[in-house]
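**Student:** Hey, dropping data_6.cif in here, mmCIF, N, CA and C atoms:
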```
data_entry
#
loop_
_atom_site.label_atom_id
_atom_site.label_comp_id
_atom_site.auth_asym_id
_atom_site.auth_seq_id
_atom_site.Cartn_x
_atom_site.Cartn_y
_atom_site.Cartn_z
N MET A 26 -26.00 19.96 -53.07
CA MET A 26 -24.88 19.42 -52.33
C MET A 26 -23.83 18.87 -53.31
N MET A 27 -22.58 19.14 -53.06
CA MET A 27 -21.50 18.73 -53.95
C MET A 27 -21.19 17.24 -53.76
N THR A 28 -20.96 16.56 -54.85
CA THR A 28 -20.62 15.14 -54.82
C THR A 28 -19.15 14.97 -54.50
N LYS A 29 -18.86 14.04 -53.61
CA LYS A 29 -17.49 13.74 -53.23
C LYS A 29 -16.83 12.92 -54.34
N ASN A 30 -15.59 13.22 -54.66
CA ASN A 30 -14.85 12.46 -55.67
C ASN A 30 -14.54 11.07 -55.15
N PHE A 31 -14.60 10.08 -56.03
CA PHE A 31 -14.34 8.70 -55.62
C PHE A 31 -12.96 8.55 -55.00
N GLU A 32 -12.00 9.37 -55.43
CA GLU A 32 -10.64 9.28 -54.90
C GLU A 32 -10.59 9.51 -53.39
N ASN A 33 -11.63 10.16 -52.86
CA ASN A 33 -11.67 10.46 -51.43
C ASN A 33 -12.44 9.44 -50.61
N PHE A 34 -13.09 8.49 -51.26
CA PHE A 34 -13.82 7.46 -50.51
C PHE A 34 -12.82 6.56 -49.80
N PRO A 35 -12.93 6.38 -48.49
CA PRO A 35 -12.01 5.49 -47.78
C PRO A 35 -11.96 4.07 -48.37
N VAL A 36 -13.09 3.57 -48.83
CA VAL A 36 -13.11 2.22 -49.40
C VAL A 36 -12.31 2.17 -50.71
N TYR A 37 -12.31 3.24 -51.46
CA TYR A 37 -11.51 3.28 -52.69
C TYR A 37 -10.02 3.25 -52.34
N VAL A 38 -9.62 4.06 -51.36
CA VAL A 38 -8.22 4.10 -50.94
C VAL A 38 -7.79 2.72 -50.43
N LYS A 39 -8.65 2.07 -49.66
CA LYS A 39 -8.35 0.74 -49.13
C LYS A 39 -8.23 -0.28 -50.27
N SER A 40 -9.03 -0.11 -51.33
CA SER A 40 -8.94 -1.02 -52.47
C SER A 40 -7.60 -0.86 -53.20
N LEU A 41 -7.05 0.35 -53.18
CA LEU A 41 -5.73 0.57 -53.77
C LEU A 41 -4.65 -0.11 -52.94
N ASP A 42 -4.82 -0.10 -51.61
CA ASP A 42 -3.90 -0.82 -50.73
C ASP A 42 -3.92 -2.31 -51.08
N LEU A 43 -5.11 -2.83 -51.35
CA LEU A 43 -5.26 -4.24 -51.67
C LEU A 43 -4.54 -4.60 -52.97
N ILE A 44 -4.74 -3.82 -54.02
CA ILE A 44 -4.09 -4.15 -55.30
C ILE A 44 -2.57 -4.00 -55.18
N GLU A 45 -2.12 -3.06 -54.36
CA GLU A 45 -0.68 -2.91 -54.12
C GLU A 45 -0.12 -4.18 -53.47
N LYS A 46 -0.82 -4.72 -52.49
CA LYS A 46 -0.36 -5.95 -51.82
C LYS A 46 -0.40 -7.15 -52.78
N VAL A 47 -1.41 -7.17 -53.64
CA VAL A 47 -1.49 -8.23 -54.65
C VAL A 47 -0.25 -8.18 -55.54
N TYR A 48 0.11 -6.99 -55.99
CA TYR A 48 1.29 -6.85 -56.86
C TYR A 48 2.57 -7.28 -56.15
N GLN A 49 2.68 -6.95 -54.88
CA GLN A 49 3.84 -7.39 -54.11
C GLN A 49 3.88 -8.91 -54.02
N PHE A 50 2.71 -9.51 -53.82
CA PHE A 50 2.63 -10.97 -53.69
C PHE A 50 3.02 -11.66 -54.99
N ILE A 51 2.48 -11.21 -56.11
CA ILE A 51 2.76 -11.89 -57.38
C ILE A 51 4.16 -11.59 -57.91
N GLY A 52 4.84 -10.65 -57.29
CA GLY A 52 6.20 -10.33 -57.69
C GLY A 52 7.22 -11.33 -57.17
N SER A 53 6.77 -12.31 -56.39
CA SER A 53 7.71 -13.27 -55.83
C SER A 53 8.20 -14.24 -56.90
N GLU A 54 9.34 -14.81 -56.64
CA GLU A 54 9.98 -15.72 -57.60
C GLU A 54 9.11 -16.95 -57.88
N ASN A 55 8.40 -17.45 -56.87
CA ASN A 55 7.56 -18.64 -57.04
C ASN A 55 6.45 -18.42 -58.07
N LEU A 56 6.00 -17.19 -58.20
CA LEU A 56 4.89 -16.90 -59.11
C LEU A 56 5.35 -16.36 -60.46
N GLU A 57 6.63 -16.34 -60.66
CA GLU A 57 7.21 -15.79 -61.88
C GLU A 57 6.59 -16.37 -63.16
N ARG A 58 6.32 -17.66 -63.17
CA ARG A 58 5.81 -18.33 -64.37
C ARG A 58 4.32 -18.63 -64.32
N GLU A 59 3.65 -18.15 -63.32
CA GLU A 59 2.20 -18.39 -63.17
C GLU A 59 1.43 -17.27 -63.87
N PHE A 60 1.58 -17.20 -65.19
CA PHE A 60 1.02 -16.09 -65.96
C PHE A 60 -0.50 -15.98 -65.82
N GLU A 61 -1.20 -17.09 -65.93
CA GLU A 61 -2.66 -17.06 -65.85
C GLU A 61 -3.12 -16.61 -64.46
N PHE A 62 -2.51 -17.17 -63.44
CA PHE A 62 -2.84 -16.78 -62.07
C PHE A 62 -2.61 -15.28 -61.88
N ASN A 63 -1.42 -14.83 -62.27
CA ASN A 63 -1.06 -13.42 -62.11
C ASN A 63 -2.02 -12.50 -62.86
N ASN A 64 -2.34 -12.85 -64.07
CA ASN A 64 -3.25 -12.04 -64.88
C ASN A 64 -4.63 -11.97 -64.23
N GLN A 65 -5.14 -13.12 -63.81
CA GLN A 65 -6.48 -13.16 -63.25
C GLN A 65 -6.59 -12.39 -61.94
N ILE A 66 -5.62 -12.54 -61.06
CA ILE A 66 -5.71 -11.85 -59.78
C ILE A 66 -5.52 -10.34 -59.95
N LYS A 67 -4.69 -9.94 -60.92
CA LYS A 67 -4.55 -8.51 -61.20
C LYS A 67 -5.87 -7.94 -61.71
N ARG A 68 -6.51 -8.66 -62.62
CA ARG A 68 -7.79 -8.20 -63.17
C ARG A 68 -8.84 -8.08 -62.07
N ALA A 69 -8.89 -9.06 -61.18
CA ALA A 69 -9.86 -9.02 -60.08
C ALA A 69 -9.56 -7.85 -59.15
N GLY A 70 -8.28 -7.65 -58.85
CA GLY A 70 -7.90 -6.53 -57.97
C GLY A 70 -8.23 -5.18 -58.56
N PHE A 71 -7.91 -5.02 -59.85
CA PHE A 71 -8.24 -3.76 -60.52
C PHE A 71 -9.74 -3.54 -60.59
N SER A 72 -10.48 -4.61 -60.74
CA SER A 72 -11.93 -4.52 -60.85
C SER A 72 -12.55 -3.87 -59.61
N ILE A 73 -11.96 -4.11 -58.46
CA ILE A 73 -12.50 -3.54 -57.22
C ILE A 73 -12.46 -2.02 -57.28
N SER A 74 -11.27 -1.47 -57.44
CA SER A 74 -11.14 -0.01 -57.45
C SER A 74 -11.82 0.62 -58.66
N ASN A 75 -11.73 -0.04 -59.81
CA ASN A 75 -12.34 0.53 -61.01
C ASN A 75 -13.86 0.57 -60.93
N ASN A 76 -14.47 -0.45 -60.35
CA ASN A 76 -15.93 -0.43 -60.23
C ASN A 76 -16.42 0.58 -59.20
N ILE A 77 -15.64 0.79 -58.14
CA ILE A 77 -15.99 1.85 -57.19
C ILE A 77 -15.94 3.19 -57.91
N ALA A 78 -14.89 3.41 -58.68
CA ALA A 78 -14.73 4.67 -59.41
C ALA A 78 -15.84 4.85 -60.44
N GLU A 79 -16.04 3.83 -61.27
CA GLU A 79 -17.04 3.95 -62.34
C GLU A 79 -18.44 4.17 -61.78
N GLY A 80 -18.81 3.40 -60.79
CA GLY A 80 -20.15 3.54 -60.22
C GLY A 80 -20.41 4.90 -59.61
N SER A 81 -19.38 5.48 -59.03
CA SER A 81 -19.56 6.79 -58.38
C SER A 81 -19.86 7.89 -59.38
N GLU A 82 -19.41 7.73 -60.60
CA GLU A 82 -19.57 8.78 -61.61
C GLU A 82 -21.01 8.91 -62.12
N TYR A 83 -21.85 7.92 -61.88
CA TYR A 83 -23.24 8.01 -62.33
C TYR A 83 -24.06 8.98 -61.49
N ASN A 84 -23.56 9.29 -60.28
CA ASN A 84 -24.26 10.19 -59.37
C ASN A 84 -25.70 9.73 -59.16
N ASN A 85 -25.87 8.43 -59.10
CA ASN A 85 -27.17 7.80 -58.92
C ASN A 85 -26.94 6.59 -58.01
N ASN A 86 -27.59 6.59 -56.85
CA ASN A 86 -27.31 5.54 -55.87
C ASN A 86 -27.61 4.13 -56.38
N ARG A 87 -28.67 3.97 -57.15
CA ARG A 87 -28.99 2.64 -57.68
C ARG A 87 -27.86 2.11 -58.56
N GLN A 88 -27.38 2.95 -59.46
CA GLN A 88 -26.28 2.55 -60.34
C GLN A 88 -25.01 2.30 -59.54
N PHE A 89 -24.75 3.18 -58.59
CA PHE A 89 -23.55 3.04 -57.77
C PHE A 89 -23.57 1.71 -57.02
N ILE A 90 -24.71 1.38 -56.44
CA ILE A 90 -24.85 0.12 -55.71
C ILE A 90 -24.56 -1.07 -56.63
N LYS A 91 -25.05 -1.00 -57.84
CA LYS A 91 -24.80 -2.08 -58.82
C LYS A 91 -23.29 -2.29 -58.99
N TYR A 92 -22.55 -1.22 -59.16
CA TYR A 92 -21.10 -1.33 -59.36
C TYR A 92 -20.38 -1.73 -58.07
N LEU A 93 -20.89 -1.29 -56.93
CA LEU A 93 -20.29 -1.71 -55.66
C LEU A 93 -20.46 -3.21 -55.45
N LYS A 94 -21.58 -3.76 -55.88
CA LYS A 94 -21.79 -5.20 -55.76
C LYS A 94 -20.81 -5.97 -56.65
N ILE A 95 -20.52 -5.44 -57.81
CA ILE A 95 -19.51 -6.06 -58.68
C ILE A 95 -18.14 -6.00 -58.00
N ALA A 96 -17.82 -4.85 -57.41
CA ALA A 96 -16.54 -4.71 -56.69
C ALA A 96 -16.46 -5.70 -55.54
N LYS A 97 -17.56 -5.90 -54.84
CA LYS A 97 -17.61 -6.85 -53.74
C LYS A 97 -17.36 -8.27 -54.24
N GLY A 98 -17.93 -8.61 -55.38
CA GLY A 98 -17.67 -9.91 -55.98
C GLY A 98 -16.20 -10.09 -56.34
N SER A 99 -15.58 -9.03 -56.81
CA SER A 99 -14.15 -9.09 -57.14
C SER A 99 -13.30 -9.28 -55.89
N CYS A 100 -13.75 -8.74 -54.76
CA CYS A 100 -13.04 -8.99 -53.49
C CYS A 100 -13.04 -10.48 -53.18
N ALA A 101 -14.19 -11.11 -53.39
CA ALA A 101 -14.29 -12.56 -53.15
C ALA A 101 -13.38 -13.32 -54.10
N GLU A 102 -13.27 -12.85 -55.34
CA GLU A 102 -12.40 -13.51 -56.31
C GLU A 102 -10.93 -13.42 -55.87
N VAL A 103 -10.51 -12.25 -55.41
CA VAL A 103 -9.14 -12.09 -54.91
C VAL A 103 -8.92 -13.04 -53.73
N ARG A 104 -9.88 -13.07 -52.83
CA ARG A 104 -9.77 -13.93 -51.66
C ARG A 104 -9.67 -15.40 -52.05
N SER A 105 -10.50 -15.82 -52.99
CA SER A 105 -10.48 -17.21 -53.45
C SER A 105 -9.13 -17.55 -54.07
N MET A 106 -8.59 -16.66 -54.85
CA MET A 106 -7.30 -16.92 -55.49
C MET A 106 -6.18 -17.00 -54.46
N MET A 107 -6.28 -16.23 -53.40
CA MET A 107 -5.27 -16.32 -52.34
C MET A 107 -5.39 -17.64 -51.58
N ILE A 108 -6.60 -18.11 -51.40
CA ILE A 108 -6.80 -19.41 -50.76
C ILE A 108 -6.18 -20.51 -51.63
N VAL A 109 -6.41 -20.43 -52.93
CA VAL A 109 -5.82 -21.40 -53.86
C VAL A 109 -4.29 -21.31 -53.82
N SER A 110 -3.77 -20.10 -53.79
CA SER A 110 -2.31 -19.94 -53.76
C SER A 110 -1.71 -20.57 -52.52
N LYS A 111 -2.41 -20.45 -51.39
CA LYS A 111 -1.92 -21.08 -50.16
C LYS A 111 -1.96 -22.60 -50.29
N ARG A 112 -3.04 -23.09 -50.85
CA ARG A 112 -3.20 -24.54 -50.99
C ARG A 112 -2.14 -25.14 -51.91
N LEU A 113 -1.81 -24.40 -52.97
CA LEU A 113 -0.81 -24.87 -53.93
C LEU A 113 0.61 -24.44 -53.57
N LYS A 114 0.71 -23.70 -52.47
CA LYS A 114 2.01 -23.21 -51.99
C LYS A 114 2.74 -22.39 -53.05
N LEU A 115 2.00 -21.47 -53.64
CA LEU A 115 2.56 -20.64 -54.70
C LEU A 115 3.34 -19.44 -54.20
N GLY A 116 3.07 -19.00 -53.01
CA GLY A 116 3.74 -17.79 -52.51
C GLY A 116 3.77 -17.80 -51.00
N ASP A 117 4.21 -16.71 -50.44
CA ASP A 117 4.32 -16.56 -49.00
C ASP A 117 2.93 -16.65 -48.35
N GLU A 118 2.75 -17.64 -47.50
CA GLU A 118 1.44 -17.86 -46.87
C GLU A 118 1.02 -16.70 -45.97
N ASN A 119 1.97 -16.08 -45.30
CA ASN A 119 1.63 -14.94 -44.43
C ASN A 119 1.13 -13.75 -45.25
N LYS A 120 1.77 -13.52 -46.39
CA LYS A 120 1.33 -12.43 -47.26
C LYS A 120 -0.03 -12.75 -47.87
N ALA A 121 -0.24 -14.01 -48.22
CA ALA A 121 -1.53 -14.43 -48.76
C ALA A 121 -2.62 -14.19 -47.72
N GLU A 122 -2.35 -14.55 -46.48
CA GLU A 122 -3.33 -14.36 -45.40
C GLU A 122 -3.61 -12.87 -45.17
N GLU A 123 -2.57 -12.06 -45.29
CA GLU A 123 -2.74 -10.61 -45.15
C GLU A 123 -3.68 -10.07 -46.25
N ILE A 124 -3.51 -10.57 -47.47
CA ILE A 124 -4.38 -10.16 -48.58
C ILE A 124 -5.80 -10.66 -48.35
N ILE A 125 -5.93 -11.87 -47.87
CA ILE A 125 -7.26 -12.41 -47.57
C ILE A 125 -7.97 -11.52 -46.55
N ASN A 126 -7.27 -11.16 -45.48
CA ASN A 126 -7.87 -10.31 -44.45
C ASN A 126 -8.21 -8.92 -44.97
N LEU A 127 -7.33 -8.36 -45.79
CA LEU A 127 -7.60 -7.03 -46.34
C LEU A 127 -8.78 -7.09 -47.31
N SER A 128 -8.89 -8.16 -48.09
CA SER A 128 -10.03 -8.27 -49.00
C SER A 128 -11.34 -8.40 -48.23
N ARG A 129 -11.30 -9.09 -47.08
CA ARG A 129 -12.50 -9.16 -46.22
C ARG A 129 -12.87 -7.77 -45.70
N GLU A 130 -11.86 -7.00 -45.31
CA GLU A 130 -12.09 -5.65 -44.81
C GLU A 130 -12.69 -4.76 -45.90
N VAL A 131 -12.13 -4.82 -47.09
CA VAL A 131 -12.66 -4.02 -48.21
C VAL A 131 -14.09 -4.45 -48.51
N SER A 132 -14.34 -5.75 -48.54
CA SER A 132 -15.68 -6.26 -48.80
C SER A 132 -16.68 -5.77 -47.75
N SER A 133 -16.27 -5.79 -46.50
CA SER A 133 -17.13 -5.29 -45.42
C SER A 133 -17.40 -3.80 -45.57
N ASN A 134 -16.36 -3.05 -45.94
CA ASN A 134 -16.53 -1.60 -46.15
C ASN A 134 -17.49 -1.33 -47.32
N ILE A 135 -17.38 -2.14 -48.36
CA ILE A 135 -18.30 -1.99 -49.50
C ILE A 135 -19.73 -2.29 -49.05
N SER A 136 -19.91 -3.34 -48.26
CA SER A 136 -21.25 -3.67 -47.74
C SER A 136 -21.83 -2.52 -46.95
N ASN A 137 -21.01 -1.91 -46.11
CA ASN A 137 -21.48 -0.76 -45.32
C ASN A 137 -21.83 0.41 -46.23
N PHE A 138 -21.07 0.62 -47.27
CA PHE A 138 -21.34 1.70 -48.22
C PHE A 138 -22.66 1.43 -48.96
N ILE A 139 -22.86 0.18 -49.36
CA ILE A 139 -24.11 -0.19 -50.03
C ILE A 139 -25.30 0.07 -49.10
N LYS A 140 -25.16 -0.30 -47.85
CA LYS A 140 -26.24 -0.07 -46.87
C LYS A 140 -26.53 1.43 -46.74
N TYR A 141 -25.48 2.22 -46.63
CA TYR A 141 -25.64 3.67 -46.53
C TYR A 141 -26.36 4.23 -47.76
N LEU A 142 -25.91 3.83 -48.93
CA LEU A 142 -26.52 4.33 -50.17
C LEU A 142 -27.97 3.87 -50.29
N SER A 143 -28.24 2.65 -49.88
CA SER A 143 -29.62 2.12 -49.93
C SER A 143 -30.55 2.91 -49.03
N GLU A 144 -30.04 3.30 -47.89
CA GLU A 144 -30.84 4.08 -46.94
C GLU A 144 -31.06 5.51 -47.43
N ASN A 145 -30.24 5.95 -48.35
CA ASN A 145 -30.33 7.32 -48.87
C ASN A 145 -30.55 7.30 -50.38
N MET A 146 -31.46 6.43 -50.81
CA MET A 146 -31.66 6.15 -52.22
C MET A 146 -32.03 7.39 -53.04
N GLU A 147 -32.77 8.30 -52.49
CA GLU A 147 -33.23 9.45 -53.26
C GLU A 147 -32.22 10.58 -53.31
N LYS A 148 -31.17 10.48 -52.49
CA LYS A 148 -30.19 11.55 -52.43
C LYS A 148 -28.96 11.19 -53.26
N PRO A 149 -28.27 12.18 -53.85
CA PRO A 149 -27.00 11.87 -54.50
C PRO A 149 -25.99 11.44 -53.45
N HIS A 150 -25.03 10.56 -53.83
CA HIS A 150 -24.05 10.11 -52.85
C HIS A 150 -23.15 11.26 -52.44
N LEU A 151 -22.64 11.16 -51.23
CA LEU A 151 -21.81 12.23 -50.66
C LEU A 151 -20.35 11.93 -50.78
#
```
Please re-express this file's structure in structure tokens.

**Tutor:**
Amino acid sequence: MMTKNFENFPVYVKSLDLIEKVYQFIGSENLEREFEFNNQIKRAGFSISNNIAEGSEYNNNRQFIKYLKIAKGSCAEVRSMMIVSKRLKLGDENKAEEIINLSREVSSNISNFIKYLSENMEKPHL
């Protein structure tokens, strides 16, 4: 059976939507000088899509699950940083809430993917 490219995984595409929204958020004037915040949230956002991609290349469900769990942790990091940004009033609260909700959705999709891969441990991922 042929392995599906990570670029076609819906969760990967959704993770790209998330990093795009993060970039839009940090592009605001209020965050112009928040270098550490901007750097950290970009790294966390990139970590989501990159770990989905990297894990898929092992063609081994155990390894893939390991990387998906890292990606899930990065979703929580993005969410936490958006909560902090709202508390400190660093950017548009509505956009922050949108990112929080999207990160929850990506995290849930990753959880479902992990469950699927766990149930099909002996098979290569599709």

**Student:** On this structure, which residues satisfy the PyMOL selection byres (((chain A and resi 90 and name CA) around 8) and name CA), written as an NGL selection string?

**Tutor:** :A and (80 or 86-89 or 91-94 or 139 or 142-143)

**Student:** Have a look at atom CA of Arg112 of chain A and atom CA of Val47 of chain A and let me know their distance in Å, one decimal.

**Tutor:**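 Here the two named atoms are 16.8 Å from each other.
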
**Student:** So the first atom is atom CA of Val38 of chain A and the second is atom CA of Tyr141 of chain A; what is the distance between them in Å, to one decimal place?

**Tutor:**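 Distance reported for this atom pair: 18.0 Å.
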
**Student:** Just to confirm, what's the straight-line distance from atom CA of Ala121 of chain A to atom N of Gln49 of chain A in Å (one decimal)?

**Tutor:**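 Calculated distance between atom CA of Ala121 of chain A and atom N of Gln49 of chain A is 10.5 Å.
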
**Student:** Would you mind telling me which residue in A:Arg58, A:Lys97, A:Lys29, A:Lys120 lies nearest to Ile73 of chain A when using only N, CA and C atoms?

**Tutor:**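 Using only N, CA and C atoms, Ile73 of chain A sits closest to A:Lys97.
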
**Student:** Of the residues A:Ile66, A:Phe60, A:Ser128, A:Asn145, which is the one nearest to Met106 of chain A, using all atoms listed in the file?

**Tutor:**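 Between A:Ile66, A:Phe60, A:Ser128, A:Asn145, the residue approaching Met106 of chain A most closely is A:Ile66.
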
**Student:** As a ChimeraX atom specification, please: every residue in chain A that a backbone DSSP assignment puts in alpha helix (DSSP H).

**Tutor:** /A:35-51,60-81,86-112,118-144

**Student:** Would you kindly return, as a PDB file with N, CA and C atoms, in the coordinates of the input, each protein, DNA or RNA residue with an atom no farther than 12 Å from any atom of Glu118 of chain A, considering only C-alpha atoms and excluding same-chain residues fewer than 5 positions away?

**Tutor:**
```
ATOM      1  N   PHE A  50       2.710  -9.510 -53.820  1.00  0.00           N
ATOM      2  CA  PHE A  50       2.630 -10.970 -53.690  1.00  0.00           C
ATOM      3  C   PHE A  50       3.020 -11.660 -54.990  1.00  0.00           C
ATOM      4  N   SER A  53       6.770 -12.310 -56.390  1.00  0.00           N
ATOM      5  CA  SER A  53       7.710 -13.270 -55.830  1.00  0.00           C
ATOM      6  C   SER A  53       8.200 -14.240 -56.900  1.00  0.00           C
ATOM      7  N   ASN A  55       8.400 -17.450 -56.870  1.00  0.00           N
ATOM      8  CA  ASN A  55       7.560 -18.640 -57.040  1.00  0.00           C
ATOM      9  C   ASN A  55       6.450 -18.420 -58.070  1.00  0.00           C
ATOM     10  N   MET A 107      -6.280 -16.230 -53.400  1.00  0.00           N
ATOM     11  CA  MET A 107      -5.270 -16.320 -52.340  1.00  0.00           C
ATOM     12  C   MET A 107      -5.390 -17.640 -51.580  1.00  0.00           C
ATOM     13  N   ILE A 108      -6.600 -18.110 -51.400  1.00  0.00           N
ATOM     14  CA  ILE A 108      -6.800 -19.410 -50.760  1.00  0.00           C
ATOM     15  C   ILE A 108      -6.180 -20.510 -51.630  1.00  0.00           C
ATOM     16  N   VAL A 109      -6.410 -20.430 -52.930  1.00  0.00           N
ATOM     17  CA  VAL A 109      -5.820 -21.400 -53.860  1.00  0.00           C
ATOM     18  C   VAL A 109      -4.290 -21.310 -53.820  1.00  0.00           C
ATOM     19  N   SER A 110      -3.770 -20.100 -53.790  1.00  0.00           N
ATOM     20  CA  SER A 110      -2.310 -19.940 -53.760  1.00  0.00           C
ATOM     21  C   SER A 110      -1.710 -20.570 -52.520  1.00  0.00           C
ATOM     22  N   LYS A 111      -2.410 -20.450 -51.390  1.00  0.00           N
ATOM     23  CA  LYS A 111      -1.920 -21.080 -50.160  1.00  0.00           C
ATOM     24  C   LYS A 111      -1.960 -22.600 -50.290  1.00  0.00           C
ATOM     25  N   ARG A 112      -3.040 -23.090 -50.850  1.00  0.00           N
ATOM     26  CA  ARG A 112      -3.200 -24.540 -50.990  1.00  0.00           C
ATOM     27  C   ARG A 112      -2.140 -25.140 -51.910  1.00  0.00           C
ATOM     28  N   LEU A 113      -1.810 -24.400 -52.970  1.00  0.00           N
ATOM     29  CA  LEU A 113      -0.810 -24.870 -53.930  1.00  0.00           C
ATOM     30  C   LEU A 113       0.610 -24.440 -53.570  1.00  0.00           C
ATOM     31  N   GLU A 123      -2.570 -12.060 -45.290  1.00  0.00           N
ATOM     32  CA  GLU A 123      -2.740 -10.610 -45.150  1.00  0.00           C
ATOM     33  C   GLU A 123      -3.680 -10.070 -46.250  1.00  0.00           C
ATOM     34  N   ILE A 124      -3.510 -10.570 -47.470  1.00  0.00           N
ATOM     35  CA  ILE A 124      -4.380 -10.160 -48.580  1.00  0.00           C
ATOM     36  C   ILE A 124      -5.800 -10.660 -48.350  1.00  0.00           C
ATOM     37  N   ILE A 125      -5.930 -11.870 -47.870  1.00  0.00           N
ATOM     38  CA  ILE A 125      -7.260 -12.410 -47.570  1.00  0.00           C
ATOM     39  C   ILE A 125      -7.970 -11.520 -46.550  1.00  0.00           C
TER      40      ILE A 125
END
```

**Student:** Listed atoms of segment 58-63 of chain A, axis-aligned box, 5 Å per side: centre and edge lengths to one decimal in Å, as JSON?

**Tutor:**
```
{"center_x": 1.6, "center_y": -15.6, "center_z": -63.9, "size_x": 19.4, "size_y": 16.1, "size_z": 14.1}
```

**Student:** Only N, CA and C atoms, as a tab-separated table (two decimals), in the first residue's frame: that is what I want for segment 85-101 of chain A.

**Tutor:**
```tsv
chain	number	residue	atom	x	y	z
A	85	ASN	N	6.59	4.57	10.16
A	85	ASN	CA	6.49	3.68	11.31
A	85	ASN	C	5.54	4.35	12.30
A	86	ASN	N	4.44	3.69	12.61
A	86	ASN	CA	3.42	4.34	13.43
A	86	ASN	C	3.92	4.74	14.82
A	87	ARG	N	4.76	3.92	15.43
A	87	ARG	CA	5.28	4.28	16.75
A	87	ARG	C	6.07	5.59	16.71
A	88	GLN	N	6.95	5.71	15.73
A	88	GLN	CA	7.73	6.94	15.58
A	88	GLN	C	6.83	8.12	15.24
A	89	PHE	N	5.88	7.88	14.36
A	89	PHE	CA	4.98	8.95	13.95
A	89	PHE	C	4.20	9.47	15.16
A	90	ILE	N	3.70	8.56	15.98
A	90	ILE	CA	2.95	8.94	17.18
A	90	ILE	C	3.82	9.80	18.10
A	91	LYS	N	5.07	9.43	18.24
A	91	LYS	CA	6.00	10.21	19.07
A	91	LYS	C	6.06	11.66	18.59
A	92	TYR	N	6.19	11.86	17.29
A	92	TYR	CA	6.27	13.21	16.73
A	92	TYR	C	4.93	13.93	16.79
A	93	LEU	N	3.84	13.20	16.64
A	93	LEU	CA	2.52	13.82	16.77
A	93	LEU	C	2.29	14.33	18.19
A	94	LYS	N	2.80	13.60	19.17
A	94	LYS	CA	2.67	14.05	20.56
A	94	LYS	C	3.46	15.34	20.79
A	95	ILE	N	4.61	15.45	20.17
A	95	ILE	CA	5.39	16.70	20.26
A	95	ILE	C	4.60	17.84	19.60
A	96	ALA	N	4.01	17.57	18.44
A	96	ALA	CA	3.20	18.58	17.75
A	96	ALA	C	2.02	19.01	18.62
A	97	LYS	N	1.41	18.06	19.30
A	97	LYS	CA	0.29	18.36	20.19
A	97	LYS	C	0.75	19.26	21.34
A	98	GLY	N	1.92	18.99	21.88
A	98	GLY	CA	2.47	19.86	22.92
A	98	GLY	C	2.71	21.27	22.41
A	99	SER	N	3.15	21.38	21.18
A	99	SER	CA	3.37	22.71	20.59
A	99	SER	C	2.06	23.46	20.39
A	100	CYS	N	0.97	22.73	20.13
A	100	CYS	CA	-0.35	23.37	20.06
A	100	CYS	C	-0.69	24.01	21.39
A	101	ALA	N	-0.40	23.29	22.47
A	101	ALA	CA	-0.66	23.83	23.81
A	101	ALA	C	0.20	25.06	24.07
```
